[in-house]
2 protein chains.
Amino acid sequence: MSRIERPKTEPSSHAAAEGRGTGWPLEPDRREMERILDTVRERVVQAIESLDAIPAFDFDGAESAAAEVRQDHPGKARPLEDVLDLLFDRLAPKSFNNPGPRFMAYIPGGGLFHSAVADLIAGTLNRYVTVWAAAPGLAQLESNVVRWFQGMVGYPESAGGFLSSGGSIANFSAVVTARSERLGEEIARGTVYVSDQTHHSVIKAARLAGIREEHVRAIGVDSGLRIRVDELEARIEEDRAHGLVPFLLVGNGGTTNTGAVDPLQELAAVATRHGLWLHVDAAYGGFFALTARGCERLRGLELADSITLDPHKGLFLPYGTGCLLAKDAGALRRAHSLDADYMPELQTDDDRVDFCSISPELSRSFRGLRIWLPVQLLGIEPFRQALDEKLDLADWAAAELSRIEALEIVAPPQLSTLAFRLRGDDPDGARQDARNRRLLELIHRERKVLLTPTRIGGRFVIRICILNFRTHREHVEDCVQAIRRAVADL
Amino acid sequence: MSRIERPKTEPSSHAAAEGRGTGWPLEPDRREMERILDTVRERVVQAIESLDAIPAFDFDGAESAAAEVRQDHPGKARPLEDVLDLLFDRLAPKSFNNPGPRFMAYIPGGGLFHSAVADLIAGTLNRYVTVWAAAPGLAQLESNVVRWFQGMVGYPESAGGFLSSGGSIANFSAVVTARSERLGEEIARGTVYVSDQTHHSVIKAARLAGIREEHVRAIGVDSGLRIRVDELEARIEEDRAHGLVPFLLVGNGGTTNTGAVDPLQELAAVATRHGLWLHVDAAYGGFFALTARGCERLRGLELADSITLDPHKGLFLPYGTGCLLAKDAGALRRAHSLDADYMPELQTDDDRVDFCSISPELSRSFRGLRIWLPVQLLGIEPFRQALDEKLDLADWAAAELSRIEALEIVAPPQLSTLAFRLRGDDPDGARQDARNRRLLELIHRERKVLLTPTRIGGRFVIRICILNFRTHREHVEDCVQAIRRAVADL
């Protein structure tokens, strides 16, 4: 029997009924808690210190290691050291080293140590923050975080928002809010407008919210991979003429593909003209609004009805925290609130937020602490500086790559992402793609850096996305050198 | 200026472009990391040790403390000790002490220390587990957890599931999956069946998924607060006769109100007969399937098409982890999967799960570790014993209360929840409610225990819900004594 066995018989003694009161293993005593934390302390510090030295990716033996630890039954208790050896030495290193400084693939994740510590604290305190009345002081800390973000994007006092598990749920709640405000229950005729560069989580969000898949319009983009406003507007008008109900326009505050920023001011004008809800997916790019250049490049962000941010991207948090802001907090409440007999008392004034009333979740972790704590300890300035550095690094990488004759930059950095490929007008696109694929393999040869490909205009291109707080000039230099060597060896 | 200021000018130097490589405050050095963890270690151990001694709730000055820490701007960096004083001494204690042993209100949360430590580790490692190929070994650990749960509920090998942030998202994904499998895109005519005791997150889930609010049918319950199958079936037939499309039936594997378990075998028969998807919300009660008695009382659970579990309830985790299981893993995939150019390679065999393909989330935290780690360190047996103890304690409390002449048990424990009130046939219901409300105030007088009221048949009743691993016989004795004293003093 390899599964959790369903018990067949009554347990022989009901200890509790006989008043057993000590020795419950789920609650370790002080010495045991200290031993656990001291042992784990060494491991996590060492793990962080090793990030610069280990490869950017390493899957040697990863699948067999995974197969070996496959377990259909929880099995017997094991010593802490054995469990940590397995975790830190055998399993974790066989992966994308996405907390490491040379991971410039996908959207890099960072993993602030202070946030990981905040999670330890939050789990220990285990208070309930989604209902204000359950822990007002802690709910206020989370509320503070949302207010900082509101200020950052230029939203008014009357805005609101909540922290989610990531961008996907934030985008989903944005669709639900738009649907509630602009479409109502006649879902079948509702249409949504995105660019063909929009992250698939938006399309997935629409589908989860019951929008027909064929009613999500992927509008074409210009040479900067920004949505074509003329095509967008024509499509809205066409749909309306066909009896459909356009209700949501999604702009990009930095696409995942290339960091393209849609013309947000123009989108806001279109949305206003046609009565659409404007949501901006700024999961990747939103926190650049902390910098002067980012603010300029994201101009118009404050005109959006709602905005997705991903603190686990742009604020370098460990995975697990997104954010949805709405310019009108009431819209979130109308879309999400529901009461019940057994619920604690909910708030009626605007200053005390019951997050459960403005978001899809009820019981969930105290996410605010993993932002609040590092910002208290470090201030916001180091975050601003780190983001500024990323913009510099992307510009620097683009400048360096443009000096390599064989390459062309197909998407210069609008934020901290760029895309390039081998120059060439080979009429056989497939052959050119194969050469670029080979180039990427060569770049990865030494596993020193990880980049990922995507397609632009149907063609295979290579992306560099710089967003880890651990990525500095030396690491981007390593990346450029790896590219240079690969080009030479091709 | 009280907000995060949007920067007005270019920063004077772009440090990164000049090769600055040290002294980045977001990455503390080894000594600083050790100092932080050692300082936090003392606080969290002390916080856990104090849980038995501090009141079950304390809101004295809570609102003013919250008002004082309200912050529209992140402000300057502060010393660790000051920040921890604020958090541990001033804010956290002014709350429901829901991790404490005498919190028997709502559904208690526990907060296993081992899980909090797992969050520290997960945040530090910060690997990506929702795509198998990104970290196969860690994805496998999370997959193991899901497989243990599948075994526990009696699901076959072909089942699947994922960990969510809590029961709300799990219930939401269940609705989406049912919609995808049994309704399709003709959402407007779809109807959902719940009992009038069903948790409001299910109703909210249906609304988020685009189901019309008036199409969620709240079926009446019998004297045990279990759904009336005759009324249910009549309603399904009536709806179908009116051209509606019944597609989802939600049973309770322990209601939040009183722990009532719907007749799951009968519900499965109804669902089969009428082609409905059967979802069981076992967020509160599901983990009692680890015990012999729970297994018996939840019989039929394995017949459900999908099941919501809440490890942050029945496995005593800190808040932040729910689970959705589906008997057919393919159903989850059909409802949630979507591909994109920039995504890592997704798996095609059944043994390697890409959680992003079967759930609503893409980037999110490595939730599996907060279950996997404690179970590795302690084995599953202590969890089973603790759950058995909860069943005993609820029975014991019911027996004790039934010896208090003035009280009547209006909902005897079906799992670990019971409800009682003052006996009396006062024809003036409002007067009787007021007396019971007064009784609850008296029970809470010393703040030693926290209970919450609800309504049964429109009448105010008092609930006892025992689910914290820290709650033992002595704490339930304190609760019974507080009730006894309150009855005497009324």
# chains A, B, ... in the order shown; residues from 1 in each chain; ligands from 1
$ residues_around --residues "range 484-489 of chain A" --least-positions-apart "6" --cutoff "9 Å" --atoms "only C-alpha atoms" --output "list in words"
Leu401, Ile404, Ala406, Leu407, Leu422, Leu439, Leu440, Glu441, Leu442, Ile443, His444 and Arg445 of chain A
$ write_last_selection --atoms "all heavy atoms" --output "mmCIF file, in the first residue's frame"
data_model
loop_
_atom_site.group_PDB
_atom_site.id
_atom_site.type_symbol
_atom_site.label_atom_id
_atom_site.label_comp_id
_atom_site.auth_asym_id
_atom_site.auth_seq_id
_atom_site.Cartn_x
_atom_site.Cartn_y
_atom_site.Cartn_z
ATOM 1 N N LEU A 401 25.640 45.183 -27.462
ATOM 2 C CA LEU A 401 25.231 44.236 -28.513
ATOM 3 C C LEU A 401 25.194 44.913 -29.873
ATOM 4 O O LEU A 401 25.480 44.288 -30.902
ATOM 5 C CB LEU A 401 23.855 43.631 -28.200
ATOM 6 C CG LEU A 401 23.765 42.718 -26.976
ATOM 7 C CD1 LEU A 401 22.400 42.039 -26.933
ATOM 8 C CD2 LEU A 401 24.878 41.670 -26.968
ATOM 9 N N ILE A 404 28.160 44.543 -31.915
ATOM 10 C CA ILE A 404 28.500 43.244 -32.508
ATOM 11 C C ILE A 404 27.861 43.176 -33.888
ATOM 12 O O ILE A 404 26.634 43.125 -34.021
ATOM 13 C CB ILE A 404 28.008 42.079 -31.608
ATOM 14 C CG1 ILE A 404 28.611 42.215 -30.193
ATOM 15 C CG2 ILE A 404 28.370 40.725 -32.233
ATOM 16 C CD1 ILE A 404 28.118 41.186 -29.202
ATOM 17 N N ALA A 406 27.359 41.119 -36.237
ATOM 18 C CA ALA A 406 26.477 40.045 -36.707
ATOM 19 C C ALA A 406 25.065 40.138 -36.131
ATOM 20 O O ALA A 406 24.154 39.447 -36.600
ATOM 21 C CB ALA A 406 27.081 38.684 -36.352
ATOM 22 N N LEU A 407 24.891 40.987 -35.129
ATOM 23 C CA LEU A 407 23.594 41.018 -34.442
ATOM 24 C C LEU A 407 22.781 42.238 -34.814
ATOM 25 O O LEU A 407 23.327 43.283 -35.179
ATOM 26 C CB LEU A 407 23.801 41.024 -32.922
ATOM 27 C CG LEU A 407 24.537 39.841 -32.305
ATOM 28 C CD1 LEU A 407 24.604 40.006 -30.792
ATOM 29 C CD2 LEU A 407 23.841 38.525 -32.667
ATOM 30 N N LEU A 422 20.479 37.303 -34.899
ATOM 31 C CA LEU A 422 21.499 37.414 -35.935
ATOM 32 C C LEU A 422 20.930 38.202 -37.100
ATOM 33 O O LEU A 422 19.797 37.964 -37.548
ATOM 34 C CB LEU A 422 21.912 36.019 -36.412
ATOM 35 C CG LEU A 422 22.718 35.191 -35.397
ATOM 36 C CD1 LEU A 422 22.724 33.728 -35.816
ATOM 37 C CD2 LEU A 422 24.133 35.742 -35.275
ATOM 38 N N LEU A 439 22.497 29.765 -31.959
ATOM 39 C CA LEU A 439 23.213 30.826 -31.233
ATOM 40 C C LEU A 439 22.861 30.781 -29.749
ATOM 41 O O LEU A 439 23.734 30.861 -28.874
ATOM 42 C CB LEU A 439 22.856 32.202 -31.810
ATOM 43 C CG LEU A 439 23.466 33.408 -31.075
ATOM 44 C CD1 LEU A 439 24.994 33.420 -31.214
ATOM 45 C CD2 LEU A 439 22.883 34.721 -31.578
ATOM 46 N N LEU A 440 21.587 30.614 -29.459
ATOM 47 C CA LEU A 440 21.156 30.579 -28.057
ATOM 48 C C LEU A 440 21.774 29.381 -27.327
ATOM 49 O O LEU A 440 22.217 29.495 -26.181
ATOM 50 C CB LEU A 440 19.621 30.546 -27.968
ATOM 51 C CG LEU A 440 19.022 30.603 -26.560
ATOM 52 C CD1 LEU A 440 19.493 31.838 -25.799
ATOM 53 C CD2 LEU A 440 17.495 30.586 -26.607
ATOM 54 N N GLU A 441 21.835 28.258 -28.036
ATOM 55 C CA GLU A 441 22.487 27.084 -27.426
ATOM 56 C C GLU A 441 23.940 27.386 -27.071
ATOM 57 O O GLU A 441 24.431 27.004 -26.002
ATOM 58 C CB GLU A 441 22.453 25.892 -28.394
ATOM 59 C CG GLU A 441 21.095 25.204 -28.487
ATOM 60 C CD GLU A 441 21.017 24.227 -29.657
ATOM 61 O OE1 GLU A 441 22.067 23.894 -30.255
ATOM 62 O OE2 GLU A 441 19.882 23.821 -29.980
ATOM 63 N N LEU A 442 24.601 28.075 -27.983
ATOM 64 C CA LEU A 442 26.015 28.405 -27.730
ATOM 65 C C LEU A 442 26.151 29.392 -26.564
ATOM 66 O O LEU A 442 27.076 29.289 -25.759
ATOM 67 C CB LEU A 442 26.657 28.978 -29.005
ATOM 68 C CG LEU A 442 26.867 27.966 -30.142
ATOM 69 C CD1 LEU A 442 27.380 28.667 -31.394
ATOM 70 C CD2 LEU A 442 27.834 26.860 -29.710
ATOM 71 N N ILE A 443 25.235 30.336 -26.488
ATOM 72 C CA ILE A 443 25.262 31.281 -25.365
ATOM 73 C C ILE A 443 25.130 30.530 -24.038
ATOM 74 O O ILE A 443 25.766 30.863 -23.043
ATOM 75 C CB ILE A 443 24.117 32.322 -25.505
ATOM 76 C CG1 ILE A 443 24.359 33.224 -26.724
ATOM 77 C CG2 ILE A 443 23.968 33.150 -24.242
ATOM 78 C CD1 ILE A 443 23.168 34.096 -27.095
ATOM 79 N N HIS A 444 24.320 29.471 -24.077
ATOM 80 C CA HIS A 444 24.041 28.705 -22.852
ATOM 81 C C HIS A 444 25.094 27.646 -22.555
ATOM 82 O O HIS A 444 25.033 27.010 -21.505
ATOM 83 C CB HIS A 444 22.666 28.026 -22.965
ATOM 84 C CG HIS A 444 21.526 28.979 -22.856
ATOM 85 N ND1 HIS A 444 20.253 28.661 -23.235
ATOM 86 C CD2 HIS A 444 21.472 30.255 -22.403
ATOM 87 C CE1 HIS A 444 19.454 29.692 -23.027
ATOM 88 N NE2 HIS A 444 20.168 30.676 -22.525
ATOM 89 N N ARG A 445 26.018 27.477 -23.486
ATOM 90 C CA ARG A 445 26.998 26.396 -23.395
ATOM 91 C C ARG A 445 27.637 26.283 -22.018
ATOM 92 O O ARG A 445 27.753 25.201 -21.456
ATOM 93 C CB ARG A 445 28.081 26.664 -24.451
ATOM 94 C CG ARG A 445 28.905 25.508 -24.858
ATOM 95 C CD ARG A 445 29.734 25.901 -26.077
ATOM 96 N NE ARG A 445 29.973 27.357 -26.134
ATOM 97 C CZ ARG A 445 30.690 27.963 -27.081
ATOM 98 N NH1 ARG A 445 31.238 27.241 -28.053
ATOM 99 N NH2 ARG A 445 30.874 29.263 -27.075
#
$ select_by_dssp --residues "range 202-439 of chain A" --states "helix (DSSP H, G or I)" --output "PyMOL selection string"
chain A and resi 202-208+213-215+229-241+264-274+286-290+292-297+301-303+311-314+329-336+355-358+369-378+381-402+429-439
$ residues_around --residues "range 163-171 of chain B" --least-positions-apart "3" --cutoff "8 Å" --atoms "only C-alpha atoms" --output "list in words"
Ser165, Pro360, Glu361, Leu362, Ser363, Arg364 and Ser365 of chain A; Val146, Ala174, Val175, Ser201, Val202, Ala205, Asp281, Ala283, Thr308, Leu309, Asp310, His312, Tyr319, Gly320, Thr321, Gly322, Cys323, Leu324, Arg367 and Gly368 of chain B
$ write_last_selection --atoms "N, CA and C atoms" --output "PDB file, in the first residue's frame"
ATOM      1  N   SER A 165      -1.876  36.666  -4.969  1.00  0.00           N
ATOM      2  CA  SER A 165      -0.776  35.697  -4.966  1.00  0.00           C
ATOM      3  C   SER A 165       0.186  35.924  -6.126  1.00  0.00           C
ATOM      4  N   PRO A 360     -10.875  38.345  -4.377  1.00  0.00           N
ATOM      5  CA  PRO A 360     -11.541  37.036  -4.444  1.00  0.00           C
ATOM      6  C   PRO A 360     -11.284  36.136  -3.244  1.00  0.00           C
ATOM      7  N   GLU A 361     -10.343  36.479  -2.376  1.00  0.00           N
ATOM      8  CA  GLU A 361      -9.940  35.562  -1.311  1.00  0.00           C
ATOM      9  C   GLU A 361     -10.525  35.937   0.041  1.00  0.00           C
ATOM     10  N   LEU A 362     -10.647  34.923   0.903  1.00  0.00           N
ATOM     11  CA  LEU A 362     -11.089  35.166   2.279  1.00  0.00           C
ATOM     12  C   LEU A 362      -9.915  34.871   3.217  1.00  0.00           C
ATOM     13  N   SER A 363      -9.691  33.612   3.574  1.00  0.00           N
ATOM     14  CA  SER A 363      -8.505  33.291   4.374  1.00  0.00           C
ATOM     15  C   SER A 363      -7.307  33.191   3.450  1.00  0.00           C
ATOM     16  N   ARG A 364      -6.277  33.911   3.765  1.00  0.00           N
ATOM     17  CA  ARG A 364      -5.013  33.813   3.010  1.00  0.00           C
ATOM     18  C   ARG A 364      -3.908  34.422   3.866  1.00  0.00           C
ATOM     19  N   SER A 365      -2.687  34.306   3.385  1.00  0.00           N
ATOM     20  CA  SER A 365      -1.562  34.722   4.210  1.00  0.00           C
ATOM     21  C   SER A 365      -1.482  36.248   4.322  1.00  0.00           C
TER      22      SER A 365
ATOM     23  N   VAL B 146       0.075  16.702  -3.083  1.00  0.00           N
ATOM     24  CA  VAL B 146      -1.235  16.527  -3.718  1.00  0.00           C
ATOM     25  C   VAL B 146      -1.594  15.045  -3.782  1.00  0.00           C
ATOM     26  N   ALA B 174     -13.044  25.143  -8.866  1.00  0.00           N
ATOM     27  CA  ALA B 174     -13.994  24.034  -8.997  1.00  0.00           C
ATOM     28  C   ALA B 174     -15.186  24.459  -9.847  1.00  0.00           C
ATOM     29  N   VAL B 175     -15.679  25.662  -9.617  1.00  0.00           N
ATOM     30  CA  VAL B 175     -16.810  26.148 -10.417  1.00  0.00           C
ATOM     31  C   VAL B 175     -16.401  26.266 -11.881  1.00  0.00           C
ATOM     32  N   SER B 201     -18.221  31.549   0.154  1.00  0.00           N
ATOM     33  CA  SER B 201     -17.169  31.571  -0.873  1.00  0.00           C
ATOM     34  C   SER B 201     -17.606  30.787  -2.107  1.00  0.00           C
ATOM     35  N   VAL B 202     -18.499  29.829  -1.936  1.00  0.00           N
ATOM     36  CA  VAL B 202     -19.000  29.076  -3.091  1.00  0.00           C
ATOM     37  C   VAL B 202     -19.911  29.964  -3.935  1.00  0.00           C
ATOM     38  N   ALA B 205     -17.714  32.377  -5.597  1.00  0.00           N
ATOM     39  CA  ALA B 205     -16.986  31.698  -6.689  1.00  0.00           C
ATOM     40  C   ALA B 205     -17.850  31.624  -7.940  1.00  0.00           C
ATOM     41  N   ASP B 281     -17.242  20.836  -0.905  1.00  0.00           N
ATOM     42  CA  ASP B 281     -16.451  21.809  -0.167  1.00  0.00           C
ATOM     43  C   ASP B 281     -16.112  21.202   1.190  1.00  0.00           C
ATOM     44  N   ALA B 283     -13.400  22.184   2.907  1.00  0.00           N
ATOM     45  CA  ALA B 283     -12.348  23.076   3.408  1.00  0.00           C
ATOM     46  C   ALA B 283     -12.206  22.923   4.914  1.00  0.00           C
ATOM     47  N   THR B 308     -12.646  20.514  -2.369  1.00  0.00           N
ATOM     48  CA  THR B 308     -11.809  21.565  -1.786  1.00  0.00           C
ATOM     49  C   THR B 308     -11.352  21.143  -0.399  1.00  0.00           C
ATOM     50  N   LEU B 309     -10.058  21.265  -0.165  1.00  0.00           N
ATOM     51  CA  LEU B 309      -9.488  21.047   1.172  1.00  0.00           C
ATOM     52  C   LEU B 309      -8.787  22.332   1.589  1.00  0.00           C
ATOM     53  N   ASP B 310      -8.625  22.524   2.878  1.00  0.00           N
ATOM     54  CA  ASP B 310      -7.898  23.701   3.355  1.00  0.00           C
ATOM     55  C   ASP B 310      -6.842  23.270   4.361  1.00  0.00           C
ATOM     56  N   HIS B 312      -4.672  24.925   5.608  1.00  0.00           N
ATOM     57  CA  HIS B 312      -4.483  25.915   6.682  1.00  0.00           C
ATOM     58  C   HIS B 312      -5.620  25.850   7.707  1.00  0.00           C
ATOM     59  N   TYR B 319      -2.069  30.477   7.684  1.00  0.00           N
ATOM     60  CA  TYR B 319      -2.935  30.839   6.560  1.00  0.00           C
ATOM     61  C   TYR B 319      -2.146  30.897   5.260  1.00  0.00           C
ATOM     62  N   GLY B 320      -2.819  30.500   4.177  1.00  0.00           N
ATOM     63  CA  GLY B 320      -2.186  30.650   2.871  1.00  0.00           C
ATOM     64  C   GLY B 320      -2.180  29.410   2.008  1.00  0.00           C
ATOM     65  N   THR B 321      -2.858  28.344   2.441  1.00  0.00           N
ATOM     66  CA  THR B 321      -2.834  27.153   1.600  1.00  0.00           C
ATOM     67  C   THR B 321      -4.167  26.410   1.600  1.00  0.00           C
ATOM     68  N   GLY B 322      -4.804  26.406   0.445  1.00  0.00           N
ATOM     69  CA  GLY B 322      -5.961  25.567   0.166  1.00  0.00           C
ATOM     70  C   GLY B 322      -5.567  24.527  -0.867  1.00  0.00           C
ATOM     71  N   CYS B 323      -6.544  23.752  -1.291  1.00  0.00           N
ATOM     72  CA  CYS B 323      -6.252  22.699  -2.268  1.00  0.00           C
ATOM     73  C   CYS B 323      -7.523  22.349  -3.031  1.00  0.00           C
ATOM     74  N   LEU B 324      -7.391  22.173  -4.323  1.00  0.00           N
ATOM     75  CA  LEU B 324      -8.492  21.608  -5.104  1.00  0.00           C
ATOM     76  C   LEU B 324      -8.027  20.286  -5.706  1.00  0.00           C
ATOM     77  N   ARG B 367       4.168  26.624  -2.354  1.00  0.00           N
ATOM     78  CA  ARG B 367       3.313  26.297  -1.205  1.00  0.00           C
ATOM     79  C   ARG B 367       3.522  24.891  -0.680  1.00  0.00           C
ATOM     80  N   GLY B 368       3.919  24.005  -1.579  1.00  0.00           N
ATOM     81  CA  GLY B 368       4.023  22.612  -1.168  1.00  0.00           C
ATOM     82  C   GLY B 368       4.965  22.412  -0.002  1.00  0.00           C
TER      83      GLY B 368
END
$ closest_atom_pairs --of "range 343-454 of chain B" --to "range 66-84 of chain A" --cutoff "10 Å" --atoms "only C-alpha atoms" --output "Markdown table"
| residue | atom | partner | partner_atom | distance |
| --- | --- | --- | --- | --- |
| B:Asp351 | CA | A:Ala67 | CA | 9.3 |
| B:Arg352 | CA | A:Ala66 | CA | 9.4 |
| B:Trp372 | CA | A:Pro74 | CA | 8.3 |
| B:Leu373 | CA | A:Val83 | CA | 7.8 |
| B:Pro374 | CA | A:Ala77 | CA | 8.9 |
| B:Val375 | CA | A:Pro74 | CA | 6.7 |
| B:Gln376 | CA | A:Ala77 | CA | 5.3 |
| B:Leu377 | CA | A:Ala77 | CA | 4.9 |
| B:Leu378 | CA | A:Ala77 | CA | 4.7 |
| B:Gly379 | CA | A:Ala77 | CA | 4.2 |
| B:Ile380 | CA | A:Pro74 | CA | 6.5 |
| B:Glu381 | CA | A:Lys76 | CA | 8.7 |
$ write_last_selection --atoms "C-alpha atoms" --output "PDB file, in the first residue's frame"
ATOM      1  CA  ASP B 351       3.461  12.118 -13.899  1.00  0.00           C
ATOM      2  CA  ARG B 352       5.021  15.530 -14.299  1.00  0.00           C
ATOM      3  CA  TRP B 372       5.943  18.663   2.831  1.00  0.00           C
ATOM      4  CA  LEU B 373       8.484  19.840   5.397  1.00  0.00           C
ATOM      5  CA  PRO B 374       6.415  19.341   8.575  1.00  0.00           C
ATOM      6  CA  VAL B 375       5.173  15.974   7.351  1.00  0.00           C
ATOM      7  CA  GLN B 376       8.757  14.878   6.626  1.00  0.00           C
ATOM      8  CA  LEU B 377       9.908  15.993  10.052  1.00  0.00           C
ATOM      9  CA  LEU B 378       6.969  14.687  12.065  1.00  0.00           C
ATOM     10  CA  GLY B 379       5.313  12.031   9.935  1.00  0.00           C
ATOM     11  CA  ILE B 380       1.589  12.076   9.284  1.00  0.00           C
ATOM     12  CA  GLU B 381       0.655  10.298  12.523  1.00  0.00           C
TER      13      GLU B 381
END
$ closest_residue --among "A:Gln265, A:Thr348, A:Ser115, A:Ser402" --to "chain B" --atoms "only C-alpha atoms"
A:Ser115
$ residues_around --residues "range 425-432 of chain B" --least-positions-apart "3" --cutoff "10 Å" --atoms "only C-alpha atoms" --output "PyMOL selection string"
chain B and resi 421-422+435-438+458-460
$ closest_residue --among "A:His336, A:Arg235, A:Arg403, A:Arg297" --to "chain B" --atoms "only C-alpha atoms"
A:His336
$ decode --residues "range 392-448 of chain A" --atoms "C-alpha atoms" --output "CSV table (one decimal), in the first residue's frame"
chain,number,residue,atom,x,y,z
A,392,ASP,CA,20.9,51.4,-17.1
A,393,LEU,CA,22.0,47.8,-17.5
A,394,ALA,CA,19.5,47.2,-20.2
A,395,ASP,CA,20.7,50.3,-22.1
A,396,TRP,CA,24.2,49.2,-21.6
A,397,ALA,CA,23.6,45.7,-22.9
A,398,ALA,CA,21.8,47.1,-25.9
A,399,ALA,CA,24.7,49.5,-26.6
A,400,GLU,CA,27.2,46.6,-26.3
A,401,LEU,CA,25.2,44.2,-28.5
A,402,SER,CA,24.8,46.9,-31.2
A,403,ARG,CA,28.5,46.9,-31.5
A,404,ILE,CA,28.5,43.2,-32.5
A,405,GLU,CA,28.3,43.4,-36.3
A,406,ALA,CA,26.5,40.0,-36.7
A,407,LEU,CA,23.6,41.0,-34.4
A,408,GLU,CA,20.6,43.3,-34.7
A,409,ILE,CA,18.5,44.6,-31.9
A,410,VAL,CA,15.0,43.9,-32.8
A,411,ALA,CA,13.5,45.3,-29.7
A,412,PRO,CA,15.5,48.0,-28.0
A,413,PRO,CA,14.8,48.4,-24.3
A,414,GLN,CA,11.7,50.4,-23.5
A,415,LEU,CA,12.3,49.3,-19.9
A,416,SER,CA,14.7,46.6,-18.9
A,417,THR,CA,14.1,44.0,-21.6
A,418,LEU,CA,15.5,43.8,-25.1
A,419,ALA,CA,15.5,41.3,-27.9
A,420,PHE,CA,18.1,40.6,-30.6
A,421,ARG,CA,19.0,38.1,-33.3
A,422,LEU,CA,21.5,37.4,-35.9
A,423,ARG,CA,21.3,39.9,-38.7
A,424,GLY,CA,20.3,38.4,-42.1
A,425,ASP,CA,17.7,38.6,-44.8
A,426,ASP,CA,17.6,34.9,-45.4
A,427,PRO,CA,14.3,34.4,-47.3
A,428,ASP,CA,14.1,31.0,-45.6
A,429,GLY,CA,12.8,32.1,-42.2
A,430,ALA,CA,13.1,28.6,-40.8
A,431,ARG,CA,16.7,28.5,-41.6
A,432,GLN,CA,17.3,31.8,-40.0
A,433,ASP,CA,15.4,30.7,-36.9
A,434,ALA,CA,17.5,27.6,-36.7
A,435,ARG,CA,20.7,29.7,-36.7
A,436,ASN,CA,19.4,31.9,-33.9
A,437,ARG,CA,18.3,28.8,-32.0
A,438,ARG,CA,21.9,27.5,-32.4
A,439,LEU,CA,23.2,30.8,-31.2
A,440,LEU,CA,21.2,30.6,-28.1
A,441,GLU,CA,22.5,27.1,-27.4
A,442,LEU,CA,26.0,28.4,-27.7
A,443,ILE,CA,25.3,31.3,-25.4
A,444,HIS,CA,24.0,28.7,-22.9
A,445,ARG,CA,27.0,26.4,-23.4
A,446,GLU,CA,28.8,27.4,-20.2
A,447,ARG,CA,25.6,27.7,-18.2
A,448,LYS,CA,26.8,31.0,-17.0
